Amino acid sequence: FKMPVDVEITDVKGKHMRRVWVSQQEDVFHLKCESKPLMVCFDKGNWIIKTVHFSKSAQEWTYQLINDEDISERILAAQNLRLLQIKNDEYVANRVFINEKAKKHQMLVSSDIIKILIEALGAEPFWGVRSEIAKILGETKTIAARDALTKAYSVEKNAKVRLSITQAMGNFEKDETALKFLKNVVEKEEATYVVAEALNSLGKTKHGKAFDFMTKNLNRPSHQSIIQQKIMEGLG
């Protein structure tokens with residue numbers, strides 16, 4: 001087979017499109033650039049069904065998360081920042097450091113990535129990307145992420161994003177702040193599916209005070225009994 005693939009390269013002078021032709025199981029392409037690229041997008045426009053493994057630094061993924069016009073590329077950047085954070089946490093956990101200062105310095109890498117994702121959650125214009133970032137922040141299970149999610153919920157106008165935030169809060173097991181937040185969502189949220197997800201997340205927190213609150217809402221009417229379904233899921 002022979003297939004064209006567009007590669008967009010962004011540098012200080014702007015965006016430059018290059019087209020390469022893939023014809024082998026393994027191809028190597030060398031693309032000339034006048035300066036160091038700020039961002040490289042393989043298959044601009046996502047025309048090809050594919051899995052891409054891109055070796056980029058946290059700085060490069062951050063630039064893409066903030067500046068890429070393509071929604072899917074911004075989501076990809078957020079996901080890869082999370083992967084870098086996971087790898088760094090594993091590195092810290094498995095390495096013997098010469099002193100505590102060196103360990104704390106390496107731990108800052110993960111903290112900085114979480115800060116970047118928190119800032120992106122507040123600045124991102126498209127709801128789908130905000131939704132994905134909210135889920136990713138929940139996976140980190142950090143206090144900074146938890147507090148950022150509760151703050152984001154308070155100003156979020158899109159119910160789909162609020163639903164993702166309530167899902168993410170279920171990751172904070174036996175956490176008093178998460179418990180209080182989710183109970184408040186159940187009591188004040190207008191969107192039924194967000195309420196249902198909050199009840200599900202309450203169960204996932206495994207907090208001792210969650211069970212009674214959840215069961216009190218079993219008779220609450222909802223579309224297609226979604227609240228009852230999510231309560232049972234959370235209790236499971």
# chains A, B, ... in the order shown; residues from 1 in each chain; ligands from 1
call {"tool": "residues_around", "arguments": {"residues": "range 76-83 of chain A", "least_positions_apart": "3", "cutoff": "8 Å", "atoms": "only C-alpha atoms", "output": "VMD selection string"}}
result
chain A and resid 58 61 to 62 64 to 65 72 to 73 86 to 87 113 117 132 to 133 136
call {"tool": "write_last_selection", "arguments": {"atoms": "C-alpha atoms", "output": "compact mmCIF listing (two decimals), in the first residue's frame"}}
result
# COMPACT_ATOMS: atom_id res chain seq x y z
CA ALA A 58 6.26 17.71 29.38
CA TRP A 61 2.84 18.36 25.55
CA THR A 62 2.01 21.48 27.54
CA GLN A 64 0.22 21.39 22.51
CA LEU A 65 -2.44 21.38 25.24
CA SER A 72 -8.43 15.67 19.74
CA GLU A 73 -4.80 16.83 19.84
CA ILE A 86 2.59 8.28 36.26
CA LYS A 87 6.06 7.41 34.96
CA ILE A 113 2.22 18.50 35.59
CA LEU A 117 -3.67 20.32 33.98
CA GLU A 132 -11.35 14.74 29.78
CA ILE A 133 -9.05 16.90 31.91
CA ILE A 136 -7.53 12.83 34.40
call {"tool": "closest_atom_pairs", "arguments": {"of": "range 82-151 of chain A", "to": "range 165-179 of chain A", "cutoff": "6 Å", "atoms": "only C-alpha atoms", "output": "tab-separated table"}}
result
residue	atom	partner	partner_atom	distance
A:Ala134	CA	A:Ile165	CA	5.6
A:Lys135	CA	A:Ala168	CA	5.1
A:Gly138	CA	A:Ala168	CA	4.3
A:Lys141	CA	A:Phe172	CA	5.9
call {"tool": "select_by_dssp", "arguments": {"residues": "range 137-222 of chain A", "states": "helix (DSSP H, G or I)", "output": "count of residues only"}}
result
62
call {"tool": "atom_distance", "arguments": {"atom1": "CA of Ile71 in chain A", "atom2": "CA of Val185 in chain A"}}
result
28.4 Å
call {"tool": "closest_residue", "arguments": {"among": "A:Asp43, A:Asp6, A:Asp89, A:Glu26", "to": "Thr140 in chain A", "atoms": "only C-alpha atoms"}}
result
A:Asp89
call {"tool": "residues_around", "arguments": {"residues": "range 120-127 of chain A", "least_positions_apart": "4", "cutoff": "10 Å", "atoms": "only C-alpha atoms", "output": "list in words"}}
result
Thr62, Leu65, Ile66, Ile71, Arg74, Ala78, Ile114, Lys115, Ile116, Ser131, Glu132, Ile133, Ala134, Leu137, Ala148, Leu149, Lys151, Ala152, Val155, Glu156, Lys157, Asn158, Ala159, Lys160, Val161 and Arg162 of chain A
call {"tool": "closest_residue", "arguments": {"among": "A:Met107, A:Leu163, A:Cys41, A:Val28", "to": "Glu189 in chain A", "atoms": "only C-alpha atoms"}}
result
A:Leu163
call {"tool": "atom_distance", "arguments": {"atom1": "CA of Ala198 in chain A", "atom2": "CA of Ser111 in chain A"}}
result
26.9 Å
call {"tool": "closest_residue", "arguments": {"among": "A:Ser222, A:Val96, A:Leu38, A:Arg146", "to": "Glu190 in chain A", "atoms": "only C-alpha atoms"}}
result
A:Ser222
call {"tool": "closest_atom_pairs", "arguments": {"of": "range 169-199 of chain A", "to": "range 225-231 of chain A", "cutoff": "10 Å", "atoms": "only C-alpha atoms", "output": "tab-separated table"}}
result
residue	atom	partner	partner_atom	distance
A:Thr192	CA	A:Ile227	CA	7.6
A:Tyr193	CA	A:Ile226	CA	7.1
A:Val194	CA	A:Ile227	CA	9.4
A:Val195	CA	A:Ile227	CA	7.3
A:Ala196	CA	A:Ile227	CA	4.5
A:Glu197	CA	A:Lys230	CA	6.4
A:Ala198	CA	A:Lys230	CA	8.6
A:Leu199	CA	A:Ile231	CA	5.7
call {"tool": "closest_residue", "arguments": {"among": "A:Glu119, A:Glu100, A:Asp27, A:Asp212", "to": "Val5 in chain A", "atoms": "only C-alpha atoms"}}
result
A:Asp27
